[in-house]
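Text of upload26.pdb, listed as PDB, C-alpha atoms:
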```
ATOM      1  CA  MET X 179       0.000   0.000   0.000
ATOM      2  CA  GLY X 180       2.807   2.378   0.864
ATOM      3  CA  ASN X 181       4.583   1.775  -2.450
ATOM      4  CA  ALA X 182       1.337   2.312  -4.381
ATOM      5  CA  ALA X 183       0.683   5.611  -2.596
ATOM      6  CA  ALA X 184       4.253   6.748  -3.247
ATOM      7  CA  ALA X 185       3.898   5.908  -6.949
ATOM      8  CA  GLU X 186       0.722   8.000  -7.137
ATOM      9  CA  ARG X 187       2.473  10.947  -5.463
ATOM     10  CA  ARG X 188       5.523  10.688  -7.726
ATOM     11  CA  LEU X 189       5.694  13.679 -10.028
ATOM     12  CA  ARG X 190       5.634  13.017 -13.753
ATOM     13  CA  ASN X 191       8.031  14.324 -16.372
ATOM     14  CA  PRO X 192       6.451  17.481 -17.882
ATOM     15  CA  GLY X 193       7.674  16.869 -21.445
ATOM     16  CA  SER X 194       9.322  19.447 -23.684
ATOM     17  CA  PHE X 195       8.705  23.207 -23.649
ATOM     18  CA  GLU X 196       7.689  23.476 -27.312
ATOM     19  CA  ARG X 197       4.869  20.955 -26.760
ATOM     20  CA  LEU X 198       3.114  22.933 -24.016
ATOM     21  CA  HIS X 199       0.347  24.175 -26.337
ATOM     22  CA  ARG X 200       0.231  21.009 -28.468
ATOM     23  CA  ARG X 201      -3.140  19.664 -27.303
ATOM     24  CA  CYS X 202      -4.915  22.933 -28.086
ATOM     25  CA  LYS X 203      -3.174  23.404 -31.452
ATOM     26  CA  GLU X 204      -4.193  19.925 -32.610
ATOM     27  CA  VAL X 205      -7.863  20.934 -32.362
ATOM     28  CA  PHE X 206      -7.488  23.687 -34.981
ATOM     29  CA  PRO X 207      -7.618  22.896 -38.733
ATOM     30  CA  GLN X 208      -4.484  23.183 -40.835
ATOM     31  CA  GLN X 209      -4.503  25.412 -43.892
ATOM     32  CA  LEU X 210      -4.576  23.607 -47.231
ATOM     33  CA  GLU X 211      -3.837  25.198 -50.590
ATOM     34  CA  GLY X 212      -4.038  23.577 -53.987
ATOM     35  CA  VAL X 213      -3.840  19.843 -54.547
ATOM     36  CA  LYS X 214      -1.393  17.587 -52.711
ATOM     37  CA  LEU X 215      -0.726  13.882 -53.221
ATOM     38  CA  ILE X 216       1.237  12.003 -50.548
ATOM     39  CA  ILE X 217       2.334   8.407 -51.144
ATOM     40  CA  ASN X 218       3.754   6.733 -48.037
ATOM     41  CA  LYS X 219       5.704   3.494 -48.264
ATOM     42  CA  HIS X 220       6.884   1.323 -45.357
ATOM     43  CA  LEU X 221       9.992  -0.366 -46.723
ATOM     44  CA  SER X 222      10.751  -2.216 -43.474
ATOM     45  CA  SER X 223      10.296  -1.883 -39.727
ATOM     46  CA  HIS X 224      13.076   0.744 -39.798
ATOM     47  CA  PHE X 225      12.687   2.550 -43.137
ATOM     48  CA  GLN X 226       9.840   4.698 -44.435
ATOM     49  CA  ALA X 227       9.680   6.799 -47.584
ATOM     50  CA  ALA X 228       7.181   9.275 -49.029
ATOM     51  CA  HIS X 229       6.631  10.975 -52.372
ATOM     52  CA  ILE X 230       4.859  14.354 -52.202
ATOM     53  CA  ILE X 231       3.415  16.197 -55.210
ATOM     54  CA  HIS X 232       1.958  19.660 -54.598
ATOM     55  CA  LEU X 233       0.041  21.659 -57.226
ATOM     56  CA  SER X 234      -0.882  25.223 -56.256
ATOM     57  CA  SER X 235      -0.971  28.776 -57.626
ATOM     58  CA  MET X 236       2.829  28.675 -57.607
ATOM     59  CA  LEU X 237       5.015  26.287 -59.597
ATOM     60  CA  PRO X 238       4.286  22.559 -59.136
ATOM     61  CA  GLN X 239       6.547  21.046 -56.485
ATOM     62  CA  TYR X 240       7.811  17.537 -55.887
ATOM     63  CA  SER X 241       9.610  16.391 -52.764
ATOM     64  CA  PHE X 242      10.945  13.104 -51.471
ATOM     65  CA  LYS X 243      11.027  12.234 -47.776
ATOM     66  CA  ALA X 244      12.872   9.391 -46.068
ATOM     67  CA  MET X 245      12.860   8.319 -42.403
ATOM     68  CA  TYR X 246      14.894   5.782 -40.470
ATOM     69  CA  SER X 247      14.431   4.626 -36.873
ATOM     70  CA  GLY X 248      16.864   2.380 -35.039
ATOM     71  CA  ASP X 249      16.577  -0.384 -32.440
ATOM     72  CA  GLN X 250      17.446   1.625 -29.300
ATOM     73  CA  GLU X 251      14.162   2.019 -27.400
ATOM     74  CA  ALA X 252      13.501   4.681 -24.771
ATOM     75  CA  ASP X 253      11.074   4.488 -21.837
ATOM     76  CA  SER X 254       8.600   6.564 -23.855
ATOM     77  CA  GLY X 255       8.457   3.854 -26.529
ATOM     78  CA  GLU X 256      10.346   5.897 -29.131
ATOM     79  CA  THR X 257      13.221   4.261 -30.974
ATOM     80  CA  PHE X 258      16.588   5.833 -31.727
ATOM     81  CA  PRO X 259      18.547   6.934 -33.634
ATOM     82  CA  GLN X 260      16.087   8.783 -35.866
ATOM     83  CA  LEU X 261      17.146  10.121 -39.257
ATOM     84  CA  MET X 262      14.763  12.252 -41.323
ATOM     85  CA  GLY X 263      15.311  14.081 -44.582
ATOM     86  CA  GLU X 264      13.228  15.824 -47.235
ATOM     87  CA  ILE X 265      14.487  17.198 -50.553
ATOM     88  CA  ASP X 266      12.511  18.979 -53.272
ATOM     89  CA  GLY X 267      12.999  19.392 -57.006
ATOM     90  CA  SER X 268      15.176  22.517 -56.624
ATOM     91  CA  GLY X 269      17.654  20.711 -54.360
ATOM     92  CA  SER X 270      16.544  22.360 -51.104
ATOM     93  CA  LEU X 271      17.003  20.008 -48.168
ATOM     94  CA  ASN X 272      15.566  19.653 -44.667
ATOM     95  CA  ALA X 273      17.301  17.056 -42.519
ATOM     96  CA  GLN X 274      17.644  16.151 -38.869
ATOM     97  CA  CYS X 275      19.216  13.465 -36.743
ATOM     98  CA  VAL X 276      18.111  12.546 -33.216
ATOM     99  CA  VAL X 277      20.199  10.229 -31.035
ATOM    100  CA  MET X 278      19.734   8.959 -27.490
ATOM    101  CA  LEU X 279      23.040   9.405 -25.663
ATOM    102  CA  SER X 280      21.604   7.783 -22.532
ATOM    103  CA  ASN X 281      18.181   6.900 -21.170
ATOM    104  CA  ARG X 282      17.750  10.551 -20.093
ATOM    105  CA  ILE X 283      19.772  12.534 -22.647
ATOM    106  CA  ARG X 284      18.853  13.141 -26.275
ATOM    107  CA  ALA X 285      20.738  15.185 -28.850
ATOM    108  CA  ARG X 286      19.486  16.557 -32.146
ATOM    109  CA  ALA X 287      21.078  18.225 -35.164
ATOM    110  CA  ALA X 288      18.944  19.902 -37.843
ATOM    111  CA  PHE X 289      19.895  21.557 -41.133
ATOM    112  CA  GLN X 290      18.001  23.448 -43.799
ATOM    113  CA  THR X 291      19.354  24.488 -47.197
ATOM    114  CA  GLN X 292      17.963  26.706 -49.931
ATOM    115  CA  GLN X 293      19.310  25.043 -53.066
ATOM    116  CA  GLU X 294      23.106  25.079 -52.560
ATOM    117  CA  ARG X 295      23.143  27.560 -49.653
ATOM    118  CA  PHE X 296      22.750  26.777 -45.947
ATOM    119  CA  GLN X 297      19.798  28.633 -44.431
ATOM    120  CA  THR X 298      19.659  27.360 -40.852
ATOM    121  CA  TRP X 299      21.462  24.835 -38.710
ATOM    122  CA  GLN X 300      20.910  24.096 -35.062
ATOM    123  CA  PHE X 301      22.000  21.694 -32.355
ATOM    124  CA  ASP X 302      20.146  20.920 -29.145
ATOM    125  CA  THR X 303      20.486  18.655 -26.144
ATOM    126  CA  GLN X 304      17.588  17.624 -23.920
ATOM    127  CA  TYR X 305      17.743  16.073 -20.452
ATOM    128  CA  HIS X 306      14.707  14.234 -19.049
ATOM    129  CA  GLY X 307      14.651  14.051 -15.252
ATOM    130  CA  ASP X 308      12.050  12.285 -13.149
ATOM    131  CA  SER X 309      10.033  15.484 -12.712
ATOM    132  CA  PHE X 310      11.740  18.048 -14.971
ATOM    133  CA  THR X 311      13.033  18.627 -18.493
ATOM    134  CA  THR X 312      15.790  20.984 -19.578
ATOM    135  CA  THR X 313      16.850  21.808 -23.135
ATOM    136  CA  VAL X 314      19.669  23.899 -24.595
ATOM    137  CA  THR X 315      19.592  24.854 -28.292
ATOM    138  CA  LEU X 316      22.352  26.475 -30.357
ATOM    139  CA  GLY X 317      21.102  28.036 -33.586
ATOM    140  CA  ASN X 318      23.045  29.322 -36.611
ATOM    141  CA  PRO X 319      26.429  29.592 -34.847
ATOM    142  CA  ASP X 320      28.837  31.673 -36.965
ATOM    143  CA  ILE X 321      32.279  32.226 -35.446
ATOM    144  CA  LEU X 322      33.537  34.450 -38.271
ATOM    145  CA  ASN X 323      30.613  36.887 -38.085
ATOM    146  CA  GLN X 324      30.292  36.497 -34.298
ATOM    147  CA  SER X 325      26.599  35.682 -34.414
ATOM    148  CA  VAL X 326      24.595  33.025 -32.592
ATOM    149  CA  ILE X 327      21.170  32.228 -31.163
ATOM    150  CA  LEU X 328      21.047  30.424 -27.806
ATOM    151  CA  VAL X 329      17.782  29.089 -26.378
ATOM    152  CA  ALA X 330      17.375  27.461 -22.953
ATOM    153  CA  HIS X 331      14.187  25.785 -21.670
ATOM    154  CA  PHE X 332      13.317  24.421 -18.248
ATOM    155  CA  LEU X 333      10.085  22.772 -17.059
ATOM    156  CA  GLN X 334       9.404  21.439 -13.554
ATOM    157  CA  SER X 335       6.392  19.503 -12.290
ATOM    158  CA  VAL X 336       5.454  21.216  -9.016
ATOM    159  CA  THR X 337       2.422  19.035  -8.256
ATOM    160  CA  GLN X 338       0.599  16.250 -10.062
ATOM    161  CA  ASN X 339      -1.353  18.906 -11.991
ATOM    162  CA  LEU X 340       0.872  22.001 -12.093
ATOM    163  CA  VAL X 341       3.965  22.563 -14.263
ATOM    164  CA  LEU X 342       6.109  25.718 -14.073
ATOM    165  CA  GLY X 343       9.090  26.726 -16.192
ATOM    166  CA  GLY X 344      10.714  29.331 -18.366
ATOM    167  CA  GLU X 345      12.514  30.116 -21.591
ATOM    168  CA  MET X 346      15.542  32.300 -22.287
ATOM    169  CA  VAL X 347      16.396  33.363 -25.846
ATOM    170  CA  TYR X 348      19.758  35.059 -26.353
ATOM    171  CA  HIS X 349      20.859  36.386 -29.741
ATOM    172  CA  ARG X 350      24.048  38.069 -30.814
ATOM    173  CA  ARG X 351      25.130  39.621 -34.086
ATOM    174  CA  PRO X 352      27.727  42.301 -34.941
ATOM    175  CA  SER X 353      25.332  45.233 -34.438
ATOM    176  CA  GLU X 354      22.861  43.758 -31.967
ATOM    177  CA  GLU X 355      22.723  41.722 -28.785
ATOM    178  CA  GLY X 356      19.896  40.935 -26.424
ATOM    179  CA  ALA X 357      17.920  38.387 -24.458
ATOM    180  CA  ILE X 358      14.235  37.676 -23.908
ATOM    181  CA  PHE X 359      12.831  35.785 -20.918
ATOM    182  CA  THR X 360       9.472  34.030 -20.885
ATOM    183  CA  LEU X 361       7.702  32.340 -17.978
ATOM    184  CA  ALA X 362       5.421  29.355 -18.494
ATOM    185  CA  ALA X 363       2.727  27.595 -16.474
ATOM    186  CA  GLN X 364       0.427  24.703 -17.252
ATOM    187  CA  TYR X 365      -2.393  23.172 -15.191
ATOM    188  CA  THR X 366      -3.780  19.800 -16.209
ATOM    189  CA  ALA X 367      -7.128  18.516 -14.939
ATOM    190  CA  SER X 368      -9.012  15.365 -15.853
ATOM    191  CA  GLN X 369     -10.770  16.938 -18.859
ATOM    192  CA  TRP X 370      -9.038  20.263 -19.511
ATOM    193  CA  ILE X 371      -5.590  21.859 -19.800
ATOM    194  CA  GLY X 372      -4.743  25.530 -19.281
ATOM    195  CA  THR X 373      -1.386  26.893 -20.468
ATOM    196  CA  LEU X 374       0.172  30.362 -20.227
ATOM    197  CA  ASN X 375       3.396  31.856 -21.581
ATOM    198  CA  ILE X 376       4.142  35.451 -20.617
ATOM    199  CA  GLY X 377       7.224  37.587 -21.056
ATOM    200  CA  ARG X 378       8.701  40.734 -22.503
ATOM    201  CA  GLY X 379       7.678  39.749 -26.031
ATOM    202  CA  GLY X 380       4.019  39.256 -25.140
ATOM    203  CA  ALA X 381       1.681  36.554 -23.909
ATOM    204  CA  HIS X 382       0.275  33.305 -25.258
ATOM    205  CA  ALA X 383      -2.526  31.481 -23.457
ATOM    206  CA  THR X 384      -4.501  28.399 -24.491
ATOM    207  CA  TYR X 385      -7.336  26.396 -22.993
ATOM    208  CA  TYR X 386      -8.105  22.850 -24.125
ATOM    209  CA  HIS X 387     -11.230  20.950 -23.083
ATOM    210  CA  ARG X 388     -12.305  17.423 -23.950
ATOM    211  CA  ALA X 389     -16.089  17.405 -23.679
ATOM    212  CA  ASN X 390     -16.460  13.697 -24.539
ATOM    213  CA  ASP X 391     -14.963  11.053 -26.805
ATOM    214  CA  GLN X 392     -16.212  12.862 -29.925
ATOM    215  CA  VAL X 393     -15.914  16.596 -29.136
ATOM    216  CA  GLN X 394     -12.814  18.616 -28.220
ATOM    217  CA  VAL X 395     -12.536  22.411 -28.100
ATOM    218  CA  GLY X 396      -9.682  24.887 -27.779
ATOM    219  CA  VAL X 397      -9.403  28.618 -27.126
ATOM    220  CA  GLY X 398      -6.280  30.660 -27.821
ATOM    221  CA  PHE X 399      -5.093  34.168 -26.957
ATOM    222  CA  GLU X 400      -1.957  35.820 -28.307
ATOM    223  CA  ALA X 401      -0.646  39.330 -27.626
ATOM    224  CA  SER X 402       2.575  40.774 -29.061
ATOM    225  CA  THR X 403       4.335  43.796 -27.597
ATOM    226  CA  GLN X 404       6.314  44.239 -30.818
ATOM    227  CA  THR X 405       3.397  44.409 -33.261
ATOM    228  CA  GLN X 406       0.889  45.716 -30.677
ATOM    229  CA  GLU X 407      -1.623  43.126 -31.906
ATOM    230  CA  THR X 408      -3.945  40.845 -29.969
ATOM    231  CA  THR X 409      -5.706  37.788 -31.377
ATOM    232  CA  PHE X 410      -8.395  35.500 -29.961
ATOM    233  CA  SER X 411      -9.168  32.180 -31.604
ATOM    234  CA  PHE X 412     -11.636  29.357 -31.078
ATOM    235  CA  GLY X 413     -11.369  25.868 -32.543
ATOM    236  CA  TYR X 414     -13.110  22.548 -32.208
ATOM    237  CA  GLN X 415     -12.686  18.971 -33.329
ATOM    238  CA  LEU X 416     -15.484  16.507 -33.985
ATOM    239  CA  ASP X 417     -14.739  12.799 -34.317
ATOM    240  CA  ILE X 418     -17.227  10.680 -36.268
ATOM    241  CA  PRO X 419     -15.975   7.093 -35.785
ATOM    242  CA  LYS X 420     -18.823   5.400 -37.660
ATOM    243  CA  ALA X 421     -18.009   7.466 -40.752
ATOM    244  CA  ASN X 422     -14.210   7.234 -40.330
ATOM    245  CA  ALA X 423     -14.219  11.032 -40.442
ATOM    246  CA  LEU X 424     -12.690  13.896 -38.484
ATOM    247  CA  PHE X 425     -13.902  17.500 -38.729
ATOM    248  CA  ARG X 426     -12.111  20.608 -37.436
ATOM    249  CA  GLY X 427     -13.290  24.198 -37.458
ATOM    250  CA  SER X 428     -11.965  27.571 -36.253
ATOM    251  CA  LEU X 429     -12.817  31.260 -35.914
ATOM    252  CA  ASP X 430     -10.568  34.101 -34.755
ATOM    253  CA  SER X 431     -10.899  37.779 -33.895
ATOM    254  CA  ASN X 432      -9.623  38.784 -37.369
ATOM    255  CA  TRP X 433     -12.761  37.172 -38.821
ATOM    256  CA  VAL X 434     -10.862  34.298 -40.378
ATOM    257  CA  VAL X 435     -13.052  31.192 -40.564
ATOM    258  CA  GLY X 436     -11.486  27.816 -41.287
ATOM    259  CA  ALA X 437     -12.716  24.254 -41.681
ATOM    260  CA  ALA X 438     -11.153  20.920 -42.594
ATOM    261  CA  LEU X 439     -12.627  17.464 -43.112
ATOM    262  CA  GLU X 440     -10.482  14.321 -43.000
ATOM    263  CA  LYS X 441     -12.018  11.078 -44.260
ATOM    264  CA  ARG X 442     -10.487   7.587 -44.293
ATOM    265  CA  LEU X 443     -11.765   5.713 -47.332
ATOM    266  CA  ALA X 444     -11.758   2.210 -45.811
ATOM    267  CA  PRO X 445     -11.049  -0.485 -46.862
ATOM    268  CA  LEU X 446      -8.815   1.351 -49.344
ATOM    269  CA  PRO X 447      -5.494   2.671 -47.960
ATOM    270  CA  LEU X 448      -6.556   6.235 -48.746
ATOM    271  CA  THR X 449      -7.206   9.341 -46.644
ATOM    272  CA  LEU X 450      -8.856  12.422 -48.153
ATOM    273  CA  ALA X 451      -8.553  15.856 -46.529
ATOM    274  CA  LEU X 452     -10.572  18.912 -47.662
ATOM    275  CA  GLY X 453     -10.003  22.366 -46.217
ATOM    276  CA  ALA X 454     -10.923  26.012 -46.727
ATOM    277  CA  PHE X 455     -10.137  29.319 -44.985
ATOM    278  CA  ILE X 456     -12.002  32.581 -45.536
ATOM    279  CA  ASP X 457     -10.557  35.946 -44.454
ATOM    280  CA  HIS X 458     -13.609  38.218 -44.384
ATOM    281  CA  LEU X 459     -11.669  41.442 -43.761
ATOM    282  CA  LYS X 460      -9.279  40.885 -46.688
ATOM    283  CA  ASN X 461     -11.928  39.157 -48.812
ATOM    284  CA  LYS X 462      -9.554  36.263 -49.424
ATOM    285  CA  LEU X 463     -10.369  32.586 -49.891
ATOM    286  CA  GLN X 464      -7.873  29.733 -49.627
ATOM    287  CA  TYR X 465      -8.829  26.121 -50.190
ATOM    288  CA  GLY X 466      -7.345  22.786 -51.174
ATOM    289  CA  PHE X 467      -7.407  19.052 -50.687
ATOM    290  CA  THR X 468      -4.899  16.322 -49.959
ATOM    291  CA  VAL X 469      -4.929  12.635 -50.866
ATOM    292  CA  THR X 470      -2.714  10.382 -48.722
ATOM    293  CA  VAL X 471      -1.885   6.827 -49.773
ATOM    294  CA  CYS X 472      -0.597   4.645 -46.926
TER
END
```
For the structure just supplied, provide its representation as structure tokens.
Amino acid sequence: MGNAAAAERRLRNPGSFERLHRRCKEVFPQQLEGVKLIINKHLSSHFQAAHIIHLSSMLPQYSFKAMYSGDQEADSGETFPQLMGEIDGSGSLNAQCVVMLSNRIRARAAFQTQQERFQTWQFDTQYHGDSFTTTVTLGNPDILNQSVILVAHFLQSVTQNLVLGGEMVYHRRPSEEGAIFTLAAQYTASQWIGTLNIGRGGAHATYYHRANDQVQVGVGFEASTQTQETTFSFGYQLDIPKANALFRGSLDSNWVVGAALEKRLAPLPLTLALGAFIDHLKNKLQYGFTVTVC
């Protein structure tokens, strides 16, 4: 009995800082434009590949994506190392490598090129404690031009429901240097999650609520001290299991209305996604659909 009570009181790991608002963001529909065809292929238990064809108002684009996962399994169930890369027809490349140095330490390197030129490159290390997570990220280090971006995250579970933490972003370039601090808090209940980030750059708050197995809703608030703009947004997700369908909708304070419908065409290995966004103030309509072959 004593061991069971101690296990219940043991604080959980809070996860990573960038995933604080994940549950609320997943409720909102993603913008689709044009026609996209995605063909996924599982080559083995370790290798996956995908061909992506995108037709829109711009030039047609083709990209190839490959993913590899190793045999080293973490407590979370993820396997390492993880290698991911995507290259398009112009030669632009996005690639990253994630390795597990120990059961608690993970390291990641990510690169992005624009044709033959490097655009961004970053390296980060993440440590998972029993009740905390800390991450240090080094972005675009350039010794010759004396420029760098350094980001540090820390999250601590204070109680079973409350997580507190912060973020520090330091940037340096020849004519500029500065740092921005942001505080974070998240409270998790049985059916809802409230999250707040507040700092010198502004504030970001989200509220996620799971009404039942079919309905989920999310509310977001963002305020920027730099642009002096404030935005409210509301989104919802409706699961229709009998129809193998998922519907998402959203509305924000800029009078942008969005909707997306995702339908699995069983027994075929196909998923169809339809989406549209209407900006009433700018009188602009954006729509598209995606076909995914698994």
Would you mind reading off the distance between atom CA of X:Gln304 and atom CA of X:Val329, one decimal, in Å?
11.7 Å
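Using all atoms listed in the file, the smallest distance between any of X:Phe359, X:Phe289, X:Tyr365, X:Tyr348 and X:Gly377 comes from X:Phe359.
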Between atom CA of X:Leu279 and atom CA of X:Thr315, what distance in Å does the model show, to one decimal?
16.0 Å
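Taking atom CA of X:Ile216 and atom CA of X:Gly453 as endpoints, the distance between them is 15.9 Å.
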Expanded to explicit residues, what is the PyMOL selection byres ((chain X and resi 433) around 9) for this file, as a list in words?
Leu429, Asp430, Ser431, Asn432, Val434, Val435, Ile456, Asp457, His458 and Leu459 of chain X
Written file, previous selection with C-alpha atoms, as an mmCIF file, keeping the file's coordinate frame:
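Output file again_25.cif is given in full below:
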```
data_model
loop_
_atom_site.group_PDB
_atom_site.id
_atom_site.type_symbol
_atom_site.label_atom_id
_atom_site.label_comp_id
_atom_site.auth_asym_id
_atom_site.auth_seq_id
_atom_site.Cartn_x
_atom_site.Cartn_y
_atom_site.Cartn_z
ATOM 1 C CA LEU X 429 -12.817 31.260 -35.914
ATOM 2 C CA ASP X 430 -10.568 34.101 -34.755
ATOM 3 C CA SER X 431 -10.899 37.779 -33.895
ATOM 4 C CA ASN X 432 -9.623 38.784 -37.369
ATOM 5 C CA VAL X 434 -10.862 34.298 -40.378
ATOM 6 C CA VAL X 435 -13.052 31.192 -40.564
ATOM 7 C CA ILE X 456 -12.002 32.581 -45.536
ATOM 8 C CA ASP X 457 -10.557 35.946 -44.454
ATOM 9 C CA HIS X 458 -13.609 38.218 -44.384
ATOM 10 C CA LEU X 459 -11.669 41.442 -43.761
#
```
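The shell of residues at most 8 Å from X:Phe206, with only C-alpha atoms counted and near chain neighbours (fewer than 3 positions) removed, consists of Cys202, Lys203, Gly396, Gly413, Tyr414, Gln415, Arg426, Gly427 and Ser428 of chain X.
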Hits from the PyMOL selection byres ((chain X and resi 402) around 10), listed as a PyMOL selection string:
chain X and resi 377-382+400-401+403-409
